[in-house]
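Shown next: my_file.cif, containing mmCIF, C-alpha atoms.
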```
data_protein
#
loop_
_atom_site.label_atom_id
_atom_site.label_comp_id
_atom_site.auth_asym_id
_atom_site.auth_seq_id
_atom_site.Cartn_x
_atom_site.Cartn_y
_atom_site.Cartn_z
CA MET L 514 -16.90 -0.05 2.39
CA ARG L 515 -19.01 1.64 -0.29
CA LEU L 516 -18.32 2.20 -3.96
CA ALA L 517 -18.07 5.64 -5.54
CA ALA L 518 -17.49 6.85 -9.10
CA GLN L 519 -14.37 8.96 -9.51
CA LEU L 520 -15.61 11.75 -11.77
CA TYR L 521 -12.21 12.15 -13.43
CA THR L 522 -13.23 9.08 -15.45
CA VAL L 523 -15.94 11.13 -17.18
CA ARG L 524 -14.09 14.47 -17.19
CA GLU L 525 -14.90 15.11 -20.86
CA PHE L 526 -18.60 15.15 -19.88
CA LEU L 527 -18.26 17.68 -17.04
CA LYS L 528 -17.60 20.90 -18.96
CA THR L 529 -20.81 22.76 -18.06
CA PRO L 530 -23.36 22.62 -15.21
CA GLU L 531 -25.86 21.02 -17.61
CA ALA L 532 -23.34 18.33 -18.61
CA ILE L 533 -22.47 17.72 -14.97
CA ALA L 534 -26.15 17.26 -14.13
CA GLU L 535 -26.58 14.72 -16.94
CA SER L 536 -23.41 12.85 -15.95
CA LEU L 537 -24.52 12.58 -12.33
CA ARG L 538 -27.85 11.21 -13.51
CA LYS L 539 -26.10 8.53 -15.59
CA ILE L 540 -23.84 7.57 -12.70
CA ARG L 541 -26.81 7.20 -10.39
CA GLU L 542 -28.58 5.05 -12.98
CA ILE L 543 -25.58 2.70 -13.07
CA GLY L 544 -26.08 2.11 -9.37
CA TYR L 545 -23.46 4.27 -7.69
CA ARG L 546 -24.59 6.21 -4.64
CA ALA L 547 -21.48 8.39 -4.27
CA VAL L 548 -18.94 10.31 -6.32
CA GLN L 549 -15.47 11.72 -5.88
CA ALA L 550 -15.34 15.30 -7.14
CA SER L 551 -12.55 15.66 -9.69
CA GLY L 552 -12.29 16.98 -13.23
CA LEU L 553 -15.24 19.34 -12.84
CA GLY L 554 -15.74 22.26 -15.16
CA PRO L 555 -16.83 25.66 -13.81
CA ILE L 556 -19.70 25.24 -11.35
CA ASP L 557 -20.67 26.88 -8.09
CA ALA L 558 -20.04 24.65 -5.07
CA ALA L 559 -23.60 24.97 -3.82
CA GLU L 560 -24.99 24.15 -7.27
CA PHE L 561 -22.87 21.00 -7.53
CA LYS L 562 -24.09 19.92 -4.10
CA ARG L 563 -27.70 20.55 -5.18
CA LEU L 564 -27.24 18.41 -8.29
CA ALA L 565 -25.58 15.60 -6.34
CA ASP L 566 -28.33 15.69 -3.70
CA ARG L 567 -30.99 15.58 -6.41
CA GLU L 568 -29.54 12.28 -7.63
CA GLY L 569 -29.03 10.91 -4.12
CA LEU L 570 -25.23 10.95 -4.50
CA ASP L 571 -22.85 11.55 -1.60
CA ILE L 572 -19.68 13.52 -2.33
CA CYS L 573 -17.28 11.22 -0.54
CA ALA L 574 -13.94 12.82 -1.44
CA THR L 575 -12.28 15.29 -3.78
CA HIS L 576 -9.06 16.00 -5.61
CA VAL L 577 -7.69 19.51 -5.24
CA GLY L 578 -4.54 21.16 -6.55
CA TYR L 579 -1.52 21.61 -4.32
CA GLU L 580 -1.42 25.34 -4.98
CA ASP L 581 -4.97 25.58 -3.63
CA LEU L 582 -3.87 23.82 -0.46
CA LEU L 583 -0.89 26.14 -0.12
CA HIS L 584 -2.54 29.45 -0.92
CA ARG L 585 -6.33 29.05 -0.75
CA LEU L 586 -6.85 26.67 2.14
CA ASP L 587 -9.78 28.61 3.63
CA GLU L 588 -11.62 28.32 0.31
CA VAL L 589 -10.88 24.59 0.16
CA ILE L 590 -12.25 24.13 3.67
CA GLU L 591 -15.41 26.09 2.91
CA LYS L 592 -16.09 24.14 -0.29
CA HIS L 593 -15.77 20.82 1.53
CA ARG L 594 -18.15 22.04 4.22
CA VAL L 595 -20.71 22.99 1.57
CA TRP L 596 -20.30 19.53 0.05
CA GLU L 597 -20.43 17.79 3.46
CA CYS L 598 -17.25 16.05 2.32
CA LYS L 599 -14.63 14.99 4.86
CA TYR L 600 -11.81 13.77 2.62
CA VAL L 601 -9.62 16.33 0.84
CA GLY L 602 -7.67 14.50 -1.84
CA LEU L 603 -4.31 15.59 -3.19
CA GLY L 604 -3.97 14.00 -6.60
CA SER L 605 -0.20 14.12 -7.03
CA LEU L 606 3.14 15.15 -5.64
CA PRO L 607 4.23 18.34 -7.46
CA GLU L 608 7.07 17.67 -9.86
CA ARG L 609 9.46 20.00 -8.06
CA TYR L 610 9.67 17.53 -5.13
CA ARG L 611 10.21 14.33 -7.12
CA GLY L 612 13.92 14.48 -7.94
CA ASP L 613 15.50 13.12 -4.77
CA ARG L 614 14.90 11.93 -1.26
CA ALA L 615 15.35 15.41 0.15
CA GLY L 616 12.52 16.65 -2.05
CA TYR L 617 10.17 13.98 -0.74
CA ALA L 618 11.19 14.80 2.84
CA ALA L 619 10.58 18.52 2.29
CA PHE L 620 7.16 17.82 0.81
CA ALA L 621 6.31 15.49 3.70
CA LYS L 622 7.05 18.25 6.19
CA GLU L 623 5.09 20.84 4.22
CA VAL L 624 2.04 18.69 3.62
CA THR L 625 1.96 17.61 7.27
CA GLY L 626 1.44 21.25 8.23
CA ILE L 627 -1.41 21.57 5.75
CA GLY L 628 -2.95 18.32 6.94
CA ALA L 629 -2.84 19.49 10.54
CA LYS L 630 -4.80 22.63 9.62
CA LEU L 631 -7.39 20.53 7.80
CA ARG L 632 -7.73 18.27 10.85
CA GLU L 633 -8.45 21.32 12.97
CA ALA L 634 -11.29 22.07 10.55
CA GLY L 635 -12.65 18.54 10.87
CA LEU L 636 -11.33 17.38 7.48
CA THR L 637 -8.77 14.77 6.47
CA LEU L 638 -6.05 15.18 3.84
CA VAL L 639 -5.56 12.04 1.72
CA TYR L 640 -2.57 11.61 -0.59
CA HIS L 641 -3.08 9.82 -3.93
CA ASN L 642 -0.07 8.09 -5.45
CA HIS L 643 1.02 7.33 -8.99
CA ASP L 644 3.90 5.03 -9.98
CA PHE L 645 6.77 7.52 -9.74
CA GLU L 646 6.65 7.51 -5.92
CA PHE L 647 8.01 3.95 -6.08
CA ALA L 648 11.29 5.04 -7.68
CA LYS L 649 14.13 4.59 -5.21
CA HIS L 650 16.24 7.45 -3.89
CA ASP L 651 19.28 6.47 -1.83
CA GLY L 652 17.87 2.98 -1.42
CA LYS L 653 14.36 4.01 -0.32
CA THR L 654 11.25 4.63 -2.40
CA GLY L 655 9.65 8.03 -2.37
CA MET L 656 6.46 6.38 -1.15
CA ASP L 657 8.26 5.00 1.89
CA VAL L 658 9.59 8.48 2.64
CA LEU L 659 6.07 9.91 2.43
CA PHE L 660 4.69 7.18 4.66
CA GLU L 661 7.43 7.52 7.26
CA GLU L 662 7.89 11.29 7.31
CA THR L 663 4.35 12.64 7.06
CA GLY L 664 2.52 13.02 10.36
CA ALA L 665 0.28 10.02 10.98
CA ASP L 666 -2.26 12.31 12.63
CA ALA L 667 -2.21 14.82 9.76
CA VAL L 668 -1.88 12.93 6.45
CA ASP L 669 -3.77 9.85 5.30
CA PHE L 670 -3.38 7.97 2.03
CA GLU L 671 -5.64 7.24 -0.91
CA LEU L 672 -3.81 4.36 -2.53
CA ASP L 673 -4.39 3.93 -6.24
CA VAL L 674 -3.99 0.18 -6.55
CA TYR L 675 -3.24 0.31 -10.29
CA TRP L 676 -0.36 2.73 -9.82
CA VAL L 677 1.00 0.76 -6.88
CA GLN L 678 1.11 -2.29 -9.16
CA ALA L 679 2.62 -0.24 -12.00
CA GLY L 680 5.33 0.94 -9.60
CA GLY L 681 6.39 -2.65 -9.00
CA ALA L 682 4.91 -2.87 -5.50
CA ASP L 683 2.23 -5.13 -4.01
CA PRO L 684 -1.15 -3.35 -3.62
CA ILE L 685 -2.36 -5.73 -0.90
CA GLU L 686 0.84 -5.30 1.10
CA TRP L 687 0.54 -1.52 0.84
CA ILE L 688 -3.14 -1.54 1.83
CA ARG L 689 -2.17 -3.35 5.01
CA LYS L 690 0.81 -1.05 5.51
CA VAL L 691 -1.39 2.06 5.63
CA ASP L 692 -3.79 0.48 8.13
CA GLY L 693 -5.18 3.31 10.25
CA ARG L 694 -4.29 5.90 7.62
CA MET L 695 -6.60 5.11 4.72
CA LYS L 696 -10.37 5.52 4.45
CA VAL L 697 -10.51 6.17 0.68
CA VAL L 698 -8.94 3.94 -2.01
CA HIS L 699 -8.83 4.10 -5.81
CA PHE L 700 -9.89 1.01 -7.75
CA LYS L 701 -8.78 0.45 -11.33
CA ASP L 702 -7.53 -2.68 -13.04
CA MET L 703 -4.50 -3.41 -15.21
CA ALA L 704 -4.54 -5.39 -18.45
CA ILE L 705 -1.80 -6.34 -20.90
CA THR L 706 -2.26 -6.60 -24.66
CA PRO L 707 -0.64 -9.27 -26.88
CA GLN L 708 1.66 -6.46 -28.02
CA ARG L 709 2.80 -6.05 -24.38
CA GLU L 710 1.04 -2.72 -23.92
CA GLN L 711 0.03 -2.10 -20.32
CA ARG L 712 -3.49 -0.64 -20.19
CA PHE L 713 -6.06 0.65 -17.75
CA ALA L 714 -8.96 -1.76 -17.57
CA GLU L 715 -12.41 -1.98 -16.06
CA VAL L 716 -12.22 -3.66 -12.66
CA GLY L 717 -12.59 -7.40 -13.22
CA GLU L 718 -11.47 -7.17 -16.85
CA GLY L 719 -7.76 -7.02 -16.08
CA ASN L 720 -5.28 -9.16 -14.19
CA MET L 721 -5.16 -7.68 -10.71
CA ASN L 722 -6.23 -9.65 -7.64
CA PHE L 723 -9.34 -7.66 -6.78
CA ARG L 724 -10.84 -10.25 -4.48
CA GLY L 725 -7.68 -10.00 -2.39
CA ILE L 726 -7.68 -6.20 -2.68
CA LEU L 727 -11.32 -6.01 -1.54
CA SER L 728 -10.59 -8.29 1.39
CA ALA L 729 -7.58 -6.23 2.47
CA CYS L 730 -9.56 -2.97 2.24
CA GLU L 731 -12.33 -4.40 4.38
CA GLU L 732 -9.74 -5.71 6.82
CA ILE L 733 -8.33 -2.23 7.50
CA GLY L 734 -11.67 -0.41 7.54
CA VAL L 735 -11.64 1.50 4.24
CA GLU L 736 -14.86 3.51 3.92
CA TRP L 737 -14.90 4.43 0.22
CA ALA L 738 -13.62 2.71 -2.92
CA ALA L 739 -13.59 5.22 -5.76
CA VAL L 740 -13.72 3.51 -9.16
CA GLU L 741 -11.58 5.29 -11.73
CA GLN L 742 -10.37 4.64 -15.26
CA ASP L 743 -7.95 7.17 -16.73
CA LEU L 744 -8.42 5.96 -20.32
CA CYS L 745 -11.23 3.83 -21.73
CA TYR L 746 -9.70 3.27 -25.21
CA GLY L 747 -12.72 4.22 -27.29
CA ARG L 748 -15.31 2.78 -24.93
CA ASP L 749 -17.90 5.11 -23.40
CA PRO L 750 -16.51 5.90 -19.94
CA PHE L 751 -19.96 5.51 -18.40
CA GLU L 752 -20.01 1.96 -19.81
CA SER L 753 -16.59 1.39 -18.25
CA LEU L 754 -17.87 2.57 -14.86
CA ALA L 755 -20.87 0.26 -15.27
CA ILE L 756 -18.70 -2.77 -16.09
CA SER L 757 -16.52 -2.13 -13.03
CA PHE L 758 -19.63 -1.69 -10.88
CA THR L 759 -21.09 -4.99 -12.08
CA HIS L 760 -17.90 -6.94 -11.40
CA LEU L 761 -17.28 -5.33 -8.01
CA THR L 762 -20.82 -5.88 -6.73
CA ALA L 763 -20.60 -9.50 -7.91
CA MET L 764 -17.51 -9.80 -5.70
CA GLY L 765 -19.51 -8.49 -2.77
CA ALA L 766 -18.74 -4.75 -2.85
CA LYS L 767 -21.59 -2.50 -1.73
CA ALA L 768 -23.02 0.56 -3.46
#
```
Write-out of the structure in structure tokens:
Amino acid sequence: MRLAAQLYTVREFLKTPEAIAESLRKIREIGYRAVQASGLGPIDAAEFKRLADREGLDICATHVGYEDLLHRLDEVIEKHRVWECKYVGLGSLPERYRGDRAGYAAFAKEVTGIGAKLREAGLTLVYHNHDFEFAKHDGKTGMDVLFEETGADAVDFELDVYWVQAGGADPIEWIRKVDGRMKVVHFKDMAITPQREQRFAEVGEGNMNFRGILSACEEIGVEWAAVEQDLCYGRDPFESLAISFTHLTAMGAKA
């Protein structure tokens, strides 16, 4: 398993091609050798690939909007081919499906069809969770519905271990549960303040069992661990990525 920087972490520094180039340089200097494309400002796909190649950075995965998957799938496929990127990430379940179990089931059927088309193109759709998927509907969590009712040969998962924890579930248990259906994972840590505020934290600075998480990911053959921090609370997000990188490599993770 290799580490990657999830570019959403530095989204405020990705507004122009020049800013993107500088951000990729900083990420490479930290020690990362790969990125997940997310939060990019306007940039031509070929130009982004050129900038990533210049820094020696693989584009290991993406996040794309659901409407793009529904209505512009050919464009999505072509962009991923330009980027030599196999994993097409869906960042969230659209809100219109979240209200009940039937909504989750309908989405599962729809996204399975999209995933099958991506497989035919040699790509893999990976679904990224938040915490709301762990709300129960008729006694079953939405995440369970997605796991059980999406096609195993069409839809993989990109567990975000922070959001699994925030949803009241066990990240290590879920990593093992998606064995065979997860090659990309999101790493971020969770801290609690004395005022009982739950916060995103640099990996190794929070309270989550990352040695156990790393071990479970290796156990099931995860290929990429994308390091992400939604909020850095006044800290430079590049510094946050560096802190996570230092802790993770000290635990044995590989760049």
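The residue that comes closest to Asp557 of chain L, out of L:Pro530, L:Pro707, L:Pro684, L:Gly612 and on the basis of only C-alpha atoms, is L:Pro530.
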Selection result for the PyMOL selection byres ((chain L and resi 747-761) around 12) on this file, as number ranges by chain: L: 514-526, 535-546, 548, 700-702, 713-719, 722-724, 726-728, 738-746, 762-768
Among listed residues L:Ala534, L:Ile590, L:Ala667, L:Val658, nearest Arg567 of chain L (using all atoms listed in the file): L:Ala534
Hits from the PyMOL selection byres ((chain L and resi 688) around 9), listed as a list in words: Leu672, Val674, Asp683, Pro684, Ile685, Glu686, Trp687, Arg689, Lys690, Val691, Asp692, Met695, Val698, Ile726, Ala729, Cys730 and Ile733 of chain L
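Atom CA of Tyr675 of chain L sits 18.6 Å away from atom CA of Lys649 of chain L.
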